[in-house]
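For reference, model-v6.cif is printed below; it contains mmCIF, C-alpha atoms.
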```
data_protein
loop_
_atom_site.group_PDB
_atom_site.id
_atom_site.type_symbol
_atom_site.label_atom_id
_atom_site.label_comp_id
_atom_site.auth_asym_id
_atom_site.auth_seq_id
_atom_site.Cartn_x
_atom_site.Cartn_y
_atom_site.Cartn_z
ATOM 1 C CA MET A 1 32.206 -21.744 -45.567
ATOM 2 C CA THR A 2 33.728 -21.099 -42.217
ATOM 3 C CA GLU A 3 32.541 -23.047 -39.293
ATOM 4 C CA LEU A 4 31.694 -20.974 -36.282
ATOM 5 C CA VAL A 5 33.477 -22.448 -33.334
ATOM 6 C CA THR A 6 31.278 -22.041 -30.327
ATOM 7 C CA PRO A 7 31.945 -23.786 -27.067
ATOM 8 C CA SER A 8 29.019 -25.958 -26.143
ATOM 9 C CA ARG A 9 26.987 -24.457 -23.365
ATOM 10 C CA PRO A 10 24.390 -26.113 -21.181
ATOM 11 C CA GLN A 11 20.868 -25.405 -22.324
ATOM 12 C CA ARG A 12 19.519 -22.448 -20.388
ATOM 13 C CA PRO A 13 15.888 -22.401 -19.366
ATOM 14 C CA GLU A 14 13.772 -20.066 -21.441
ATOM 15 C CA PHE A 15 10.777 -18.281 -19.953
ATOM 16 C CA ARG A 16 8.263 -17.155 -22.513
ATOM 17 C CA ASN A 17 4.977 -17.286 -20.675
ATOM 18 C CA ILE A 18 5.573 -17.582 -16.982
ATOM 19 C CA ASN A 19 3.355 -20.279 -15.565
ATOM 20 C CA ALA A 20 2.334 -19.588 -11.984
ATOM 21 C CA PHE A 21 2.528 -23.247 -10.966
ATOM 22 C CA LYS A 22 5.336 -24.615 -13.160
ATOM 23 C CA ASP A 23 7.801 -21.713 -13.174
ATOM 24 C CA LEU A 24 7.189 -19.448 -10.211
ATOM 25 C CA PRO A 25 8.233 -21.916 -7.457
ATOM 26 C CA HIS A 26 11.800 -22.040 -8.785
ATOM 27 C CA TYR A 27 11.921 -18.598 -10.387
ATOM 28 C CA ARG A 28 14.878 -16.818 -8.788
ATOM 29 C CA LEU A 29 13.814 -13.233 -8.215
ATOM 30 C CA PRO A 30 16.490 -10.620 -7.446
ATOM 31 C CA LEU A 31 16.022 -8.674 -4.203
ATOM 32 C CA ALA A 32 14.677 -5.631 -6.057
ATOM 33 C CA GLY A 33 12.122 -7.970 -7.641
ATOM 34 C CA MET A 34 11.152 -9.266 -4.196
ATOM 35 C CA VAL A 35 10.578 -5.703 -2.963
ATOM 36 C CA SER A 36 8.520 -4.998 -6.076
ATOM 37 C CA ILE A 37 6.196 -7.987 -5.857
ATOM 38 C CA LEU A 38 5.804 -7.502 -2.088
ATOM 39 C CA HIS A 39 4.895 -3.866 -2.817
ATOM 40 C CA ARG A 40 2.017 -5.172 -4.938
ATOM 41 C CA ILE A 41 0.961 -7.882 -2.500
ATOM 42 C CA SER A 42 0.981 -5.495 0.463
ATOM 43 C CA GLY A 43 -1.020 -2.922 -1.493
ATOM 44 C CA ALA A 44 -3.605 -5.479 -2.586
ATOM 45 C CA LEU A 45 -3.902 -6.802 0.980
ATOM 46 C CA MET A 46 -4.588 -3.343 2.394
ATOM 47 C CA PHE A 47 -7.094 -2.704 -0.387
ATOM 48 C CA LEU A 48 -9.008 -5.917 0.427
ATOM 49 C CA LEU A 49 -8.958 -5.280 4.188
ATOM 50 C CA LEU A 50 -9.919 -1.596 3.836
ATOM 51 C CA PRO A 51 -13.414 -2.128 5.331
ATOM 52 C CA PHE A 52 -11.809 -3.814 8.376
ATOM 53 C CA ILE A 53 -9.396 -0.869 8.752
ATOM 54 C CA ILE A 54 -12.234 1.666 8.574
ATOM 55 C CA TRP A 55 -14.268 -0.408 11.020
ATOM 56 C CA LEU A 56 -11.314 -0.270 13.429
ATOM 57 C CA PHE A 57 -11.129 3.508 12.921
ATOM 58 C CA ASP A 58 -14.889 3.726 13.478
ATOM 59 C CA VAL A 59 -15.003 1.825 16.790
ATOM 60 C CA SER A 60 -11.763 3.375 18.060
ATOM 61 C CA VAL A 61 -12.861 7.028 17.729
ATOM 62 C CA SER A 62 -16.666 6.962 17.977
ATOM 63 C CA SER A 63 -17.251 6.665 21.732
ATOM 64 C CA GLU A 64 -15.890 5.329 25.029
ATOM 65 C CA ILE A 65 -18.104 2.258 24.664
ATOM 66 C CA SER A 66 -17.024 1.514 21.114
ATOM 67 C CA PHE A 67 -13.415 2.091 22.154
ATOM 68 C CA ALA A 68 -13.871 -0.653 24.737
ATOM 69 C CA ARG A 69 -15.104 -2.909 21.931
ATOM 70 C CA PHE A 70 -11.998 -1.977 19.946
ATOM 71 C CA THR A 71 -9.652 -3.060 22.725
ATOM 72 C CA ALA A 72 -11.758 -6.138 23.527
ATOM 73 C CA LEU A 73 -11.371 -7.329 19.935
ATOM 74 C CA PHE A 74 -7.625 -7.726 20.444
ATOM 75 C CA ASN A 75 -7.795 -8.980 24.025
ATOM 76 C CA LEU A 76 -10.861 -11.225 24.033
ATOM 77 C CA GLY A 77 -11.566 -11.781 20.346
ATOM 78 C CA ALA A 78 -14.936 -11.769 18.593
ATOM 79 C CA GLY A 79 -17.303 -14.693 18.112
ATOM 80 C CA PRO A 80 -15.364 -17.922 17.687
ATOM 81 C CA LEU A 81 -12.154 -16.066 16.791
ATOM 82 C CA PRO A 82 -9.629 -15.412 19.583
ATOM 83 C CA GLY A 83 -7.905 -12.076 20.234
ATOM 84 C CA TRP A 84 -4.500 -13.217 18.971
ATOM 85 C CA PHE A 85 -6.039 -13.893 15.563
ATOM 86 C CA PHE A 86 -6.998 -10.235 15.235
ATOM 87 C CA LYS A 87 -3.561 -9.238 16.490
ATOM 88 C CA LEU A 88 -2.046 -11.339 13.704
ATOM 89 C CA VAL A 89 -4.298 -9.665 11.125
ATOM 90 C CA ALA A 90 -3.354 -6.253 12.517
ATOM 91 C CA TRP A 91 0.305 -7.250 12.402
ATOM 92 C CA ALA A 92 -0.036 -8.306 8.743
ATOM 93 C CA LEU A 93 -1.561 -4.900 8.040
ATOM 94 C CA ILE A 94 1.245 -3.161 9.941
ATOM 95 C CA TRP A 95 3.810 -5.027 7.845
ATOM 96 C CA SER A 96 1.881 -4.194 4.666
ATOM 97 C CA TYR A 97 1.811 -0.512 5.523
ATOM 98 C CA LEU A 98 5.477 -0.346 6.521
ATOM 99 C CA HIS A 99 6.692 -2.286 3.504
ATOM 100 C CA HIS A 100 4.479 -0.338 1.118
ATOM 101 C CA LEU A 101 5.653 2.963 2.610
ATOM 102 C CA THR A 102 9.361 2.103 2.603
ATOM 103 C CA ALA A 103 9.251 0.661 -0.918
ATOM 104 C CA GLY A 104 7.287 3.749 -1.989
ATOM 105 C CA VAL A 105 9.910 6.122 -0.563
ATOM 106 C CA ARG A 106 12.517 4.075 -2.482
ATOM 107 C CA HIS A 107 10.489 4.666 -5.649
ATOM 108 C CA LEU A 108 10.287 8.412 -4.981
ATOM 109 C CA TRP A 109 14.027 8.526 -4.301
ATOM 110 C CA MET A 110 14.749 6.760 -7.588
ATOM 111 C CA ASP A 111 12.400 9.130 -9.456
ATOM 112 C CA ILE A 112 14.047 12.222 -8.009
ATOM 113 C CA ASN A 113 17.661 11.133 -8.418
ATOM 114 C CA HIS A 114 17.394 9.041 -11.586
ATOM 115 C CA ALA A 115 19.126 6.442 -9.444
ATOM 116 C CA VAL A 116 18.799 3.610 -11.906
ATOM 117 C CA SER A 117 21.559 1.028 -11.699
ATOM 118 C CA ASN A 118 21.722 -2.627 -10.762
ATOM 119 C CA GLU A 119 23.935 -1.804 -7.834
ATOM 120 C CA PHE A 120 21.637 0.888 -6.429
ATOM 121 C CA GLY A 121 18.603 -1.322 -7.014
ATOM 122 C CA ARG A 122 20.144 -4.129 -5.021
ATOM 123 C CA ARG A 123 21.454 -2.016 -2.154
ATOM 124 C CA SER A 124 18.263 0.009 -1.760
ATOM 125 C CA ALA A 125 16.235 -3.223 -1.865
ATOM 126 C CA ILE A 126 18.261 -4.562 1.080
ATOM 127 C CA VAL A 127 17.746 -1.290 2.976
ATOM 128 C CA THR A 128 14.004 -1.371 2.221
ATOM 129 C CA LEU A 129 13.593 -4.937 3.466
ATOM 130 C CA ALA A 130 15.734 -4.278 6.539
ATOM 131 C CA VAL A 131 13.899 -1.084 7.542
ATOM 132 C CA SER A 132 10.408 -2.500 7.039
ATOM 133 C CA LEU A 133 11.164 -5.797 8.790
ATOM 134 C CA VAL A 134 12.879 -4.193 11.796
ATOM 135 C CA LEU A 135 9.990 -1.733 12.224
ATOM 136 C CA THR A 136 7.473 -4.565 11.790
ATOM 137 C CA ALA A 137 9.261 -6.531 14.511
ATOM 138 C CA ALA A 138 9.258 -3.491 16.814
ATOM 139 C CA PHE A 139 5.541 -2.771 16.281
ATOM 140 C CA GLY A 140 4.762 -6.487 16.574
ATOM 141 C CA ALA A 141 6.575 -6.725 19.914
ATOM 142 C CA LYS A 142 4.493 -3.800 21.172
ATOM 143 C CA LEU A 143 1.300 -5.313 19.781
ATOM 144 C CA PHE A 144 1.872 -8.649 21.496
ATOM 145 C CA GLY A 145 2.877 -6.936 24.724
ATOM 146 C CA LEU A 146 6.591 -7.786 24.861
ATOM 147 C CA TYR A 147 7.399 -4.281 26.159
ATOM 148 C CA MET B 148 -3.452 27.813 -28.054
ATOM 149 C CA SER B 149 -1.313 24.760 -28.628
ATOM 150 C CA VAL B 150 -1.167 23.338 -32.118
ATOM 151 C CA ASN B 151 -2.297 19.738 -32.357
ATOM 152 C CA PHE B 152 -2.497 19.106 -36.091
ATOM 153 C CA GLY B 153 -0.225 18.705 -39.122
ATOM 154 C CA SER B 154 3.428 18.177 -38.292
ATOM 155 C CA LYS B 155 2.781 19.327 -34.695
ATOM 156 C CA ARG B 156 0.139 16.659 -34.025
ATOM 157 C CA ILE B 157 0.802 14.706 -30.830
ATOM 158 C CA VAL B 158 0.782 11.023 -31.746
ATOM 159 C CA VAL B 159 1.961 9.457 -28.517
ATOM 160 C CA GLY B 160 -1.328 9.243 -26.686
ATOM 161 C CA ALA B 161 -3.189 11.495 -24.327
ATOM 162 C CA HIS B 162 -0.575 11.369 -21.535
ATOM 163 C CA TYR B 163 -3.033 9.672 -19.184
ATOM 164 C CA GLY B 164 -0.074 7.599 -17.997
ATOM 165 C CA LEU B 165 1.831 10.636 -16.775
ATOM 166 C CA ARG B 166 -1.218 11.922 -14.909
ATOM 167 C CA ASP B 167 -1.689 8.581 -13.121
ATOM 168 C CA TRP B 168 2.016 8.251 -12.383
ATOM 169 C CA LEU B 169 2.217 11.752 -10.935
ATOM 170 C CA SER B 170 -1.007 11.559 -8.927
ATOM 171 C CA GLN B 171 0.075 8.242 -7.415
ATOM 172 C CA ARG B 172 3.322 9.812 -6.220
ATOM 173 C CA ILE B 173 1.784 13.031 -4.909
ATOM 174 C CA THR B 174 -0.936 11.174 -3.000
ATOM 175 C CA ALA B 175 1.765 8.861 -1.614
ATOM 176 C CA ALA B 176 3.852 11.771 -0.371
ATOM 177 C CA LEU B 177 0.788 13.332 1.287
ATOM 178 C CA MET B 178 0.012 10.057 3.067
ATOM 179 C CA VAL B 179 3.602 9.759 4.331
ATOM 180 C CA LEU B 180 3.406 13.269 5.837
ATOM 181 C CA PHE B 181 0.009 12.492 7.405
ATOM 182 C CA THR B 182 1.397 9.251 8.865
ATOM 183 C CA LEU B 183 4.284 11.133 10.474
ATOM 184 C CA LEU B 184 1.855 13.745 11.843
ATOM 185 C CA VAL B 185 -0.415 11.158 13.514
ATOM 186 C CA LEU B 186 2.526 9.030 14.656
ATOM 187 C CA ALA B 187 4.187 12.043 16.273
ATOM 188 C CA GLN B 188 1.016 12.862 18.215
ATOM 189 C CA VAL B 189 0.775 9.243 19.414
ATOM 190 C CA LEU B 190 4.458 8.939 20.337
ATOM 191 C CA PHE B 191 4.661 12.235 22.228
ATOM 192 C CA THR B 192 1.758 11.325 24.476
ATOM 193 C CA HIS B 193 2.682 10.561 28.049
ATOM 194 C CA GLY B 194 1.251 7.399 29.557
ATOM 195 C CA PRO B 195 -1.166 4.921 27.993
ATOM 196 C CA ILE B 196 -3.363 6.124 25.146
ATOM 197 C CA GLY B 197 -7.010 6.023 26.128
ATOM 198 C CA TYR B 198 -10.113 6.982 24.210
ATOM 199 C CA ALA B 199 -9.887 10.706 24.995
ATOM 200 C CA THR B 200 -6.326 11.070 23.684
ATOM 201 C CA TRP B 201 -6.954 9.023 20.544
ATOM 202 C CA ALA B 202 -10.250 10.660 19.601
ATOM 203 C CA GLY B 203 -8.742 14.041 20.574
ATOM 204 C CA ILE B 204 -6.244 13.738 17.721
ATOM 205 C CA PHE B 205 -9.099 13.791 15.203
ATOM 206 C CA ALA B 206 -11.343 16.228 17.073
ATOM 207 C CA ALA B 207 -10.124 19.575 15.677
ATOM 208 C CA GLN B 208 -11.804 20.795 12.514
ATOM 209 C CA TRP B 209 -8.482 21.374 10.690
ATOM 210 C CA MET B 210 -7.500 17.768 11.429
ATOM 211 C CA LYS B 211 -10.837 16.559 10.056
ATOM 212 C CA VAL B 212 -10.342 18.534 6.853
ATOM 213 C CA LEU B 213 -6.793 17.173 6.570
ATOM 214 C CA THR B 214 -7.915 13.585 7.246
ATOM 215 C CA PHE B 215 -10.664 14.026 4.651
ATOM 216 C CA THR B 216 -8.139 14.990 1.981
ATOM 217 C CA ILE B 217 -6.023 11.989 2.981
ATOM 218 C CA ILE B 218 -9.046 9.670 2.592
ATOM 219 C CA ILE B 219 -9.535 11.018 -0.938
ATOM 220 C CA ALA B 220 -5.793 10.690 -1.633
ATOM 221 C CA LEU B 221 -5.853 7.082 -0.425
ATOM 222 C CA ALA B 222 -8.814 6.156 -2.616
ATOM 223 C CA TRP B 223 -7.213 7.793 -5.645
ATOM 224 C CA HIS B 224 -3.843 6.135 -4.947
ATOM 225 C CA ALA B 225 -5.420 2.709 -4.448
ATOM 226 C CA TRP B 226 -7.403 3.123 -7.663
ATOM 227 C CA VAL B 227 -4.246 3.734 -9.722
ATOM 228 C CA GLY B 228 -2.491 0.790 -8.069
ATOM 229 C CA MET B 229 -5.349 -1.709 -8.330
ATOM 230 C CA ARG B 230 -5.953 -0.697 -11.936
ATOM 231 C CA ASP B 231 -2.278 -1.471 -12.644
ATOM 232 C CA ILE B 232 -2.685 -4.904 -11.082
ATOM 233 C CA TRP B 233 -5.827 -5.715 -13.088
ATOM 234 C CA MET B 234 -4.228 -4.449 -16.312
ATOM 235 C CA ASP B 235 -1.133 -6.600 -15.742
ATOM 236 C CA TYR B 236 -2.741 -9.888 -14.764
ATOM 237 C CA ILE B 237 -6.332 -9.954 -16.020
ATOM 238 C CA LYS B 238 -6.594 -10.324 -19.768
ATOM 239 C CA PRO B 239 -10.309 -11.019 -20.553
ATOM 240 C CA VAL B 240 -11.854 -7.591 -21.074
ATOM 241 C CA TRP B 241 -15.195 -8.401 -19.407
ATOM 242 C CA LEU B 242 -13.478 -9.657 -16.265
ATOM 243 C CA ARG B 243 -11.049 -6.743 -16.117
ATOM 244 C CA LEU B 244 -13.866 -4.223 -16.529
ATOM 245 C CA SER B 245 -15.912 -5.979 -13.835
ATOM 246 C CA LEU B 246 -12.965 -5.904 -11.419
ATOM 247 C CA GLN B 247 -12.317 -2.235 -12.174
ATOM 248 C CA VAL B 248 -15.958 -1.405 -11.477
ATOM 249 C CA PHE B 249 -15.759 -3.441 -8.258
ATOM 250 C CA THR B 250 -12.609 -1.495 -7.273
ATOM 251 C CA ILE B 251 -14.342 1.850 -7.751
ATOM 252 C CA VAL B 252 -17.439 0.737 -5.828
ATOM 253 C CA TRP B 253 -15.254 -0.655 -3.022
ATOM 254 C CA LEU B 254 -13.138 2.503 -2.741
ATOM 255 C CA VAL B 255 -15.982 5.004 -3.004
ATOM 256 C CA GLY B 256 -17.964 3.015 -0.434
ATOM 257 C CA CYS B 257 -15.039 2.855 1.978
ATOM 258 C CA ALA B 258 -14.273 6.555 1.517
ATOM 259 C CA GLY B 259 -17.912 7.457 2.239
ATOM 260 C CA TRP B 260 -17.922 5.374 5.415
ATOM 261 C CA ALA B 261 -14.626 6.900 6.602
ATOM 262 C CA VAL B 262 -15.919 10.432 6.003
ATOM 263 C CA GLN B 263 -19.086 9.668 7.947
ATOM 264 C CA VAL B 264 -17.043 8.354 10.896
ATOM 265 C CA LEU B 265 -14.874 11.463 10.756
ATOM 266 C CA TRP B 266 -17.609 14.100 10.894
ATOM 267 C CA ARG B 267 -19.822 12.224 13.315
ATOM 268 C CA LEU B 268 -17.031 12.633 15.832
#
```
As structure tokens, what does this structure read like?
Amino acid sequence: MTELVTPSRPQRPEFRNINAFKDLPHYRLPLAGMVSILHRISGALMFLLLPFIIWLFDVSVSSEISFARFTALFNLGAGPLPGWFFKLVAWALIWSYLHHLTAGVRHLWMDINHAVSNEFGRRSAIVTLAVSLVLTAAFGAKLFGLY
Amino acid sequence: MSVNFGSKRIVVGAHYGLRDWLSQRITAALMVLFTLLVLAQVLFTHGPIGYATWAGIFAAQWMKVLTFTIIIALAWHAWVGMRDIWMDYIKPVWLRLSLQVFTIVWLVGCAGWAVQVLWRL
């Protein structure tokens, strides 16, 4: 019998069933994984807020009077909720749309070019995050009246 | 007529996956083009955008027809995506089915509302 000489290695953590509370807080996701899960989260957020989006479309195009209500929502608020709250919600939706769109274009690009490699995944993930965050900042600055 | 028996029988499913995958991408591409179209009209407006300019974008009949197709594309796209999420995370069949039914009701309802807003204009 020959003994296999293996250098002793530190025990690596093993993830079989990922527990949302025990594992996820210190689960190190690569950047491409971040883009992917944010793609899902942004999509789900827009799905849940779809009635709010259509309501905004409704009041913004229906008439002069409803258009005034549309602008008042963001300037004066509605009920107990102040205007900046609705601006924040709108900003979250703007981010969702921009991230979802950029990550989606990345997907299409990968489908067309068969661009499947770790390196491309990482670099395109950085580009995706950079583009969506810069655009979100630009739209947010406009929304909150910085320019 | 394609042969689907004997040694030629297709045993790898009904290719529903490919249909969903492709429709999600085509609807996505349509929505990107529509976004650029609306964005261009907003950006190339001089001065502040009031009601007349904004509603004017959606006033033409061709734009209404186009927006209508985009509403359908969005509902279809969101259905494929939400179904993926439920299939990945929700394991009890009764709960998954309930959430899928809710998704369809939600999307069809929203699409109906959006269409009404569009053609009331």
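Of the listed residues B:Ala222, B:Leu268, B:Ile157, B:Ala206, the one whose atoms come nearest to chain A is B:Leu268, with distances taken using only C-alpha atoms.
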Residue list for chain A near chain B as a ChimeraX atom specification, 10 Å, all atoms listed in the file: /A:40-41,43-44,46-48,50-55,57-68,100-102,104-105,107-108,111
Interatomic distance (Å, one decimal) between atom CA of A:Glu119 and atom CA of A:Arg9: 27.6 Å
Running the PyMOL selection byres ((chain A and resi 95-97) around 8) on this model by hand, what would come out? Give it as a PyMOL selection string. chain A and resi 42-43+45-46+91-94+98-101+132-133+136
Kindly provide, as lines of an AutoDock Vina configuration file, the centre and edge lengths (Å, one decimal) of an axis-aligned box around all atoms of stretch 236-244 of chain B given in the file, with 5 Å on each side.
```
center_x = -9.0
center_y = -7.6
center_z = -17.9
size_x = 22.5
size_y = 16.8
size_z = 16.3
```
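Atom CA of B:Arg156 lies 27.9 Å from atom CA of B:Gln171.
Interatomic distance, atom CA of B:Leu246 to atom CA of B:Thr214: 27.5 Å.
Between A:Thr71 and the candidates A:Leu146, A:Leu56, A:Leu135, A:Ala130, the tightest atom-to-atom separation, counting all atoms listed in the file, involves A:Leu56.
Put simply, the PyMOL selection byres ((chain A and resi 121) around 12) in this file takes in Pro30, Leu31, Ala32, Gly33, Met34, Val35, Ser36, Ala103, Arg106, His107, Trp109, Met110, His114, Ala115, Val116, Ser117, Asn118, Glu119, Phe120, Arg122, Arg123, Ser124, Ala125, Ile126, Val127 and Thr128 of chain A.
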